[in-house]
There are 2 protein chains.
Amino acid sequence: MSSRADARRNRQRLLETATRLFAERGAANVSMDELAAAAGVGKGTIYRSFGDRAGLALALLDESERELQEGLIRGEPPLGPGAPPPERVGAFVRAYVALLEEHVDLIVESQTASAGARYRSGAHGAWRDHLALLARTGGVDDSLLPDLILGTLDGSLYRHLRENRGFPPDLIADAVELVALGVFR
Amino acid sequence: MSSRADARRNRQRLLETATRLFAERGAANVSMDELAAAAGVGKGTIYRSFGDRAGLALALLDESERELQEGLIRGEPPLGPGAPPPERVGAFVRAYVALLEEHVDLIVESQTASAGARYRSGAHGAWRDHLALLARTGGVDDSLLPDLILGTLDGSLYRHLRENRGFPPDLIADAVELVALGVFR
DNA sequence: AACATAAACGGACTACAGTCCGCTTCTATT
DNA sequence: AATAGAAGCGGACTGTAGTCCGTTTATGTT
C-alpha cells in the first residue's frame with residue numbers, strides 16, 4: 001500500500017467516517033468538505049487518496065464487490081463454478097440485484113462523475129469478464145452481450161424502477177434474468 | 001407557449017446559440033455562463049426557460065425525438081404500424097441507435113443532472129410506451145422489459161462502447177436487437 | 001540522534017451549476 | 001395614451017467538486 005503510515009491511517013479514517021455519514025444522511029447529502037471536516041483532515045487528503053467522488057464511492061463498494069467476486073470464483077454453484085451457464089447467469093443476476101438493493105446510492109455516486117468512471121472500474125470489468133466467460137461456455141457471442149446485460153442492471157435505472165415505478169427487487173431480478181436468459185438460450 | 005414575445009425570442013436564441021456552441025466545442029465544454037453571455041441574456045433567463053442543464057439538453061433533443069416518435073406512429077413499416085412486433089422492435093432499435101449516434105452528448109447531458117431526469121422525460125415515456133405496446137401485441141410481459149431494453153440503449157453505455165471499446169454502431173445495434181428479440185420471441 | 005528528501009497534508013482558490021430577488025419590460029385594459 | 005400588474009430579466013450570490021502549491025511530517029540513512 002502507501003509507503004507512509006499516516007496516509008494509510010487517514011484513508012482508513014476517511015472510509016469509516018464516510019460510511020457513517022453516508023448511512024446517517026444519505027451519500028448525496030454529504031459534501032466532500034463535510035467529510036473532510038468530520039474526518040479531521042484537509043480536503044486535499046481525500047482527493048489524494050481517492051481521486052474524486054466516484055473513486056471514494058468505488059472504494060466504499062470495494063468490500064461488497066470483492067465478496068461477490070469471491071462467490072463467482074470460489075462459491076457454491078450455481079453462483080460459483082459447476083452449474084450450467086444459464087443457471088449461473090441467473091444466480092449472478094440475483095446476487096447483483098442484492099448488491100444494488102444494498103448499495104444503490106454508492107453505485108449511482110460511482111457513475112455520476114466524468115464520463116464512464118464505473119465502466120472502467122476493476123469490479124465492472126470483473127462482471128463483464130464473468131458474463132463473457134459464461135457466454136463463451138454456452139456458445140453465445142461474448143463481445144457485447146455482457147455489457148448490455150450489465151446495462152439493464154444500471155444503478156440509476158434500478159433506482160428509478162424501485163423508487164419511481166415501485167417495483168420490488170424480486171420482480172426486477174426476474175425481468176433481468178428473463179432478458180439475460182433470452183440471449184443465453 | 002409563453003405569453004410574452006420576448007421570452008419566446010430569448011428561448012429561441014438560446015436554443016440556436018446552444019446548438020452552435022455545442023457543435024463547435026462539445027456540449028461538455030460549454031458552461032451555462034458562457035452560453036448566457038454568447039446568447040446575450042442573463043443566466044437566470046436560461047434557468048427560467050429550461051429549468052436546468054438536463055432540461056436544456058432535452059429541449060435541444062426535442063426535434064429529433066419528435067421525428068422518431070412521428071415515425072413510430074405514422075411512418076412506414078416496419079418502423080411504423082403494420083409490421084409484426086419483432087420486426088418493429090428491430091426497426092426501433094436501429095432508429096434509436098441512429099439517434100444516439102447523432103446526439104450521444106446531449107443524451108448524456110440530459111441524464112447527468114439530479115437522479116433520473118431522463119426517465120421522467122416525455123420522450124423516454126414514449127419509447128417505453130411504444131415498446132410496451134409491441135410487447136402486449138406479441139403476448140409478452142410489458143411491465144419491466146421495455147425499461148430494461150431501454151437500459152441497454154443508455155447514453156453513457158453507448159458512448160463507452162463506441163469510444164472506449166471501439167464498437168461500430170451497426171454491431172451495437174445488432175447486439176441490442178438480439179437482446180430485445182430474445183424476450184420478444 | 002540528526003539529517004535529507006520524498007511523501008503527504010491542508011486549506012485557499014477556481015470554476016461551475018443553480019438560486020434569489022430587486023428591477024425592467026411587456027401587454028391587456030381602460 | 002396611460003397605467004397597473006404580471007411576466008420576465010439579469011447578475012450577484014451560494015454551495016460544491018476538484019486543483020494547486022507552500023508547509024509539514026514520516027522514514028531511511030548516516
# chains A, B, ... in the order shown; residues from 1 in each chain; ligands from 1
$ residues_around --residues "B:Gly80" --least-positions-apart "3" --cutoff "12 Å" --atoms "only C-alpha atoms (C1' of nucleotides)" --output "JSON, numbers by chain"
{"B": [67, 68, 69, 70, 71, 72, 73, 74, 75, 76, 77, 83, 84, 85, 87, 88, 89, 90, 91, 92, 95, 130, 134]}
$ closest_atom_pairs --of "chain D" --to "chain A" --cutoff "10 Å" --atoms "only C-alpha atoms (C1' of nucleotides)" --output "tab-separated table"
residue	atom	partner	partner_atom	distance
D:DG15	C1'	A:Ser31	CA	9.4
D:DT16	C1'	A:Ser31	CA	7.0
D:DA17	C1'	A:Met32	CA	7.7
D:DG18	C1'	A:Asp52	CA	7.5
D:DT19	C1'	A:Gly44	CA	8.8
D:DC20	C1'	A:Gly44	CA	9.6
D:DT25	C1'	A:Asp6	CA	9.2
D:DA26	C1'	A:Arg4	CA	6.6
D:DT27	C1'	A:Arg4	CA	8.0
$ write_last_selection --atoms "N, CA, C and O atoms (P, O5', C5', C4', C3', O3' and C1' of nucleotides)" --output "short mmCIF file (atom, residue, chain, number, x, y, z; two decimals), in the first residue's frame"
data_model
loop_
_atom_site.label_atom_id
_atom_site.label_comp_id
_atom_site.auth_asym_id
_atom_site.auth_seq_id
_atom_site.Cartn_x
_atom_site.Cartn_y
_atom_site.Cartn_z
P DG D 15 -24.68 28.61 1.27
"O5'" DG D 15 -24.40 27.32 0.40
"C5'" DG D 15 -25.45 26.74 -0.36
"C4'" DG D 15 -24.86 25.62 -1.18
"C3'" DG D 15 -23.85 24.77 -0.41
"O3'" DG D 15 -24.14 23.41 -0.73
"C1'" DG D 15 -22.83 25.65 -2.35
P DT D 16 -23.31 22.27 0.03
"O5'" DT D 16 -22.37 21.73 -1.14
"C5'" DT D 16 -22.95 21.38 -2.38
"C4'" DT D 16 -21.85 21.16 -3.38
"C3'" DT D 16 -20.66 20.37 -2.82
"O3'" DT D 16 -20.44 19.25 -3.65
"C1'" DT D 16 -19.93 22.25 -4.04
P DA D 17 -19.49 18.06 -3.28
"O5'" DA D 17 -18.59 18.00 -4.59
"C5'" DA D 17 -19.20 17.79 -5.85
"C4'" DA D 17 -18.18 18.00 -6.93
"C3'" DA D 17 -16.93 17.15 -6.79
"O3'" DA D 17 -16.57 16.69 -8.10
"C1'" DA D 17 -16.34 19.46 -6.72
P DG D 18 -15.44 15.60 -8.29
"O5'" DG D 18 -14.15 16.50 -8.43
"C5'" DG D 18 -14.06 17.34 -9.59
"C4'" DG D 18 -12.88 18.26 -9.43
"C3'" DG D 18 -11.54 17.58 -9.09
"O3'" DG D 18 -10.60 18.01 -10.06
"C1'" DG D 18 -11.88 19.47 -7.75
P DT D 19 -9.06 17.58 -10.06
"O5'" DT D 19 -8.30 18.98 -9.82
"C5'" DT D 19 -8.66 20.10 -10.60
"C4'" DT D 19 -7.76 21.27 -10.25
"C3'" DT D 19 -6.27 20.94 -10.20
"O3'" DT D 19 -5.60 22.07 -10.78
"C1'" DT D 19 -6.90 21.82 -8.11
P DC D 20 -4.04 21.94 -11.24
"O5'" DC D 20 -3.38 23.13 -10.41
"C5'" DC D 20 -4.18 23.93 -9.57
"C4'" DC D 20 -3.31 24.70 -8.62
"C3'" DC D 20 -1.82 24.36 -8.68
"O3'" DC D 20 -1.11 25.57 -8.47
"C1'" DC D 20 -2.66 23.81 -6.53
P DT D 25 3.79 18.90 11.44
"O5'" DT D 25 4.20 17.53 10.75
"C5'" DT D 25 3.22 16.80 10.04
"C4'" DT D 25 3.85 15.52 9.53
"C3'" DT D 25 4.70 14.79 10.56
"O3'" DT D 25 4.47 13.41 10.34
"C1'" DT D 25 5.97 15.14 8.66
P DA D 26 4.45 12.37 11.54
"O5'" DA D 26 4.87 11.04 10.79
"C5'" DA D 26 4.16 10.67 9.62
"C4'" DA D 26 5.09 9.94 8.67
"C3'" DA D 26 5.88 8.80 9.28
"O3'" DA D 26 5.72 7.68 8.43
"C1'" DA D 26 7.35 10.31 8.20
P DT D 27 6.15 6.20 8.85
"O5'" DT D 27 7.59 6.10 8.20
"C5'" DT D 27 7.73 6.38 6.82
"C4'" DT D 27 9.20 6.36 6.42
"C3'" DT D 27 10.07 5.35 7.18
"O3'" DT D 27 10.91 4.74 6.22
"C1'" DT D 27 11.07 7.44 7.26
#
$ interface_residues --of "chain C" --to "chain A" --cutoff "10 Å" --atoms "only C-alpha atoms (C1' of nucleotides)" --output "PyMOL selection string"
chain C and resi 7-11
$ residues_around --residues "B:Leu171" --least-positions-apart "5" --cutoff "12 Å" --atoms "only C-alpha atoms (C1' of nucleotides)" --output "PDB file with N, CA, C and O atoms, in the first residue's frame"
ATOM      1  N   ASP A 141     -22.332 -15.328 -28.380  1.00  0.00           N
ATOM      2  CA  ASP A 141     -21.429 -14.207 -28.650  1.00  0.00           C
ATOM      3  C   ASP A 141     -21.108 -13.475 -27.348  1.00  0.00           C
ATOM      4  O   ASP A 141     -21.997 -13.129 -26.584  1.00  0.00           O
ATOM      5  N   SER A 143     -18.989 -10.653 -27.096  1.00  0.00           N
ATOM      6  CA  SER A 143     -18.332  -9.353 -27.226  1.00  0.00           C
ATOM      7  C   SER A 143     -19.155  -8.209 -26.634  1.00  0.00           C
ATOM      8  O   SER A 143     -18.623  -7.368 -25.917  1.00  0.00           O
ATOM      9  N   LEU A 144     -20.436  -8.177 -26.906  1.00  0.00           N
ATOM     10  CA  LEU A 144     -21.256  -7.046 -26.464  1.00  0.00           C
ATOM     11  C   LEU A 144     -22.348  -7.430 -25.480  1.00  0.00           C
ATOM     12  O   LEU A 144     -22.778  -6.604 -24.673  1.00  0.00           O
ATOM     13  N   LEU A 145     -22.788  -8.673 -25.557  1.00  0.00           N
ATOM     14  CA  LEU A 145     -23.926  -9.043 -24.712  1.00  0.00           C
ATOM     15  C   LEU A 145     -23.666  -8.826 -23.226  1.00  0.00           C
ATOM     16  O   LEU A 145     -24.562  -8.334 -22.525  1.00  0.00           O
TER      17      LEU A 145
ATOM     18  N   VAL B  93     -35.001  -0.188 -32.568  1.00  0.00           N
ATOM     19  CA  VAL B  93     -33.640  -0.238 -32.032  1.00  0.00           C
ATOM     20  C   VAL B  93     -32.678   0.464 -32.987  1.00  0.00           C
ATOM     21  O   VAL B  93     -31.855   1.290 -32.602  1.00  0.00           O
ATOM     22  N   ARG B  94     -32.796   0.144 -34.280  1.00  0.00           N
ATOM     23  CA  ARG B  94     -31.905   0.770 -35.253  1.00  0.00           C
ATOM     24  C   ARG B  94     -32.096   2.281 -35.304  1.00  0.00           C
ATOM     25  O   ARG B  94     -31.126   3.048 -35.367  1.00  0.00           O
ATOM     26  N   VAL B  97     -30.542   3.802 -32.203  1.00  0.00           N
ATOM     27  CA  VAL B  97     -29.082   3.829 -32.284  1.00  0.00           C
ATOM     28  C   VAL B  97     -28.626   4.979 -33.177  1.00  0.00           C
ATOM     29  O   VAL B  97     -27.634   5.652 -32.889  1.00  0.00           O
ATOM     30  N   TYR B 158     -23.623   3.570 -24.297  1.00  0.00           N
ATOM     31  CA  TYR B 158     -23.369   3.659 -25.741  1.00  0.00           C
ATOM     32  C   TYR B 158     -22.038   4.350 -26.010  1.00  0.00           C
ATOM     33  O   TYR B 158     -21.223   3.884 -26.800  1.00  0.00           O
ATOM     34  N   LEU B 161     -19.180   2.046 -25.214  1.00  0.00           N
ATOM     35  CA  LEU B 161     -18.991   1.001 -26.221  1.00  0.00           C
ATOM     36  C   LEU B 161     -18.374   1.566 -27.500  1.00  0.00           C
ATOM     37  O   LEU B 161     -17.505   0.948 -28.108  1.00  0.00           O
ATOM     38  N   ARG B 162     -18.810   2.743 -27.871  1.00  0.00           N
ATOM     39  CA  ARG B 162     -18.283   3.374 -29.075  1.00  0.00           C
ATOM     40  C   ARG B 162     -16.850   3.838 -28.882  1.00  0.00           C
ATOM     41  O   ARG B 162     -15.966   3.480 -29.655  1.00  0.00           O
ATOM     42  N   ARG B 165     -14.516   1.109 -26.143  1.00  0.00           N
ATOM     43  CA  ARG B 165     -14.379  -0.264 -26.604  1.00  0.00           C
ATOM     44  C   ARG B 165     -14.287  -0.351 -28.124  1.00  0.00           C
ATOM     45  O   ARG B 165     -13.944  -1.398 -28.663  1.00  0.00           O
ATOM     46  N   GLY B 166     -14.614   0.732 -28.806  1.00  0.00           N
ATOM     47  CA  GLY B 166     -14.389   0.783 -30.242  1.00  0.00           C
ATOM     48  C   GLY B 166     -15.368   0.039 -31.137  1.00  0.00           C
ATOM     49  O   GLY B 166     -15.051  -0.229 -32.295  1.00  0.00           O
ATOM     50  N   VAL B 176     -28.045  -5.172 -29.485  1.00  0.00           N
ATOM     51  CA  VAL B 176     -29.240  -4.726 -28.760  1.00  0.00           C
ATOM     52  C   VAL B 176     -30.477  -5.412 -29.338  1.00  0.00           C
ATOM     53  O   VAL B 176     -31.367  -5.867 -28.602  1.00  0.00           O
ATOM     54  N   GLU B 177     -30.501  -5.511 -30.642  1.00  0.00           N
ATOM     55  CA  GLU B 177     -31.648  -6.163 -31.287  1.00  0.00           C
ATOM     56  C   GLU B 177     -31.753  -7.615 -30.836  1.00  0.00           C
ATOM     57  O   GLU B 177     -32.843  -8.112 -30.537  1.00  0.00           O
ATOM     58  N   LEU B 178     -30.612  -8.274 -30.771  1.00  0.00           N
ATOM     59  CA  LEU B 178     -30.588  -9.662 -30.317  1.00  0.00           C
ATOM     60  C   LEU B 178     -31.173  -9.791 -28.915  1.00  0.00           C
ATOM     61  O   LEU B 178     -32.001 -10.670 -28.638  1.00  0.00           O
TER      62      LEU B 178
END
$ residues_around --residues "B:Asn164" --least-positions-apart "2" --cutoff "12 Å" --atoms "only C-alpha atoms (C1' of nucleotides)" --output "PyMOL selection string"
(chain A and resi 115-117+119-120) or (chain B and resi 156-162+166-168)
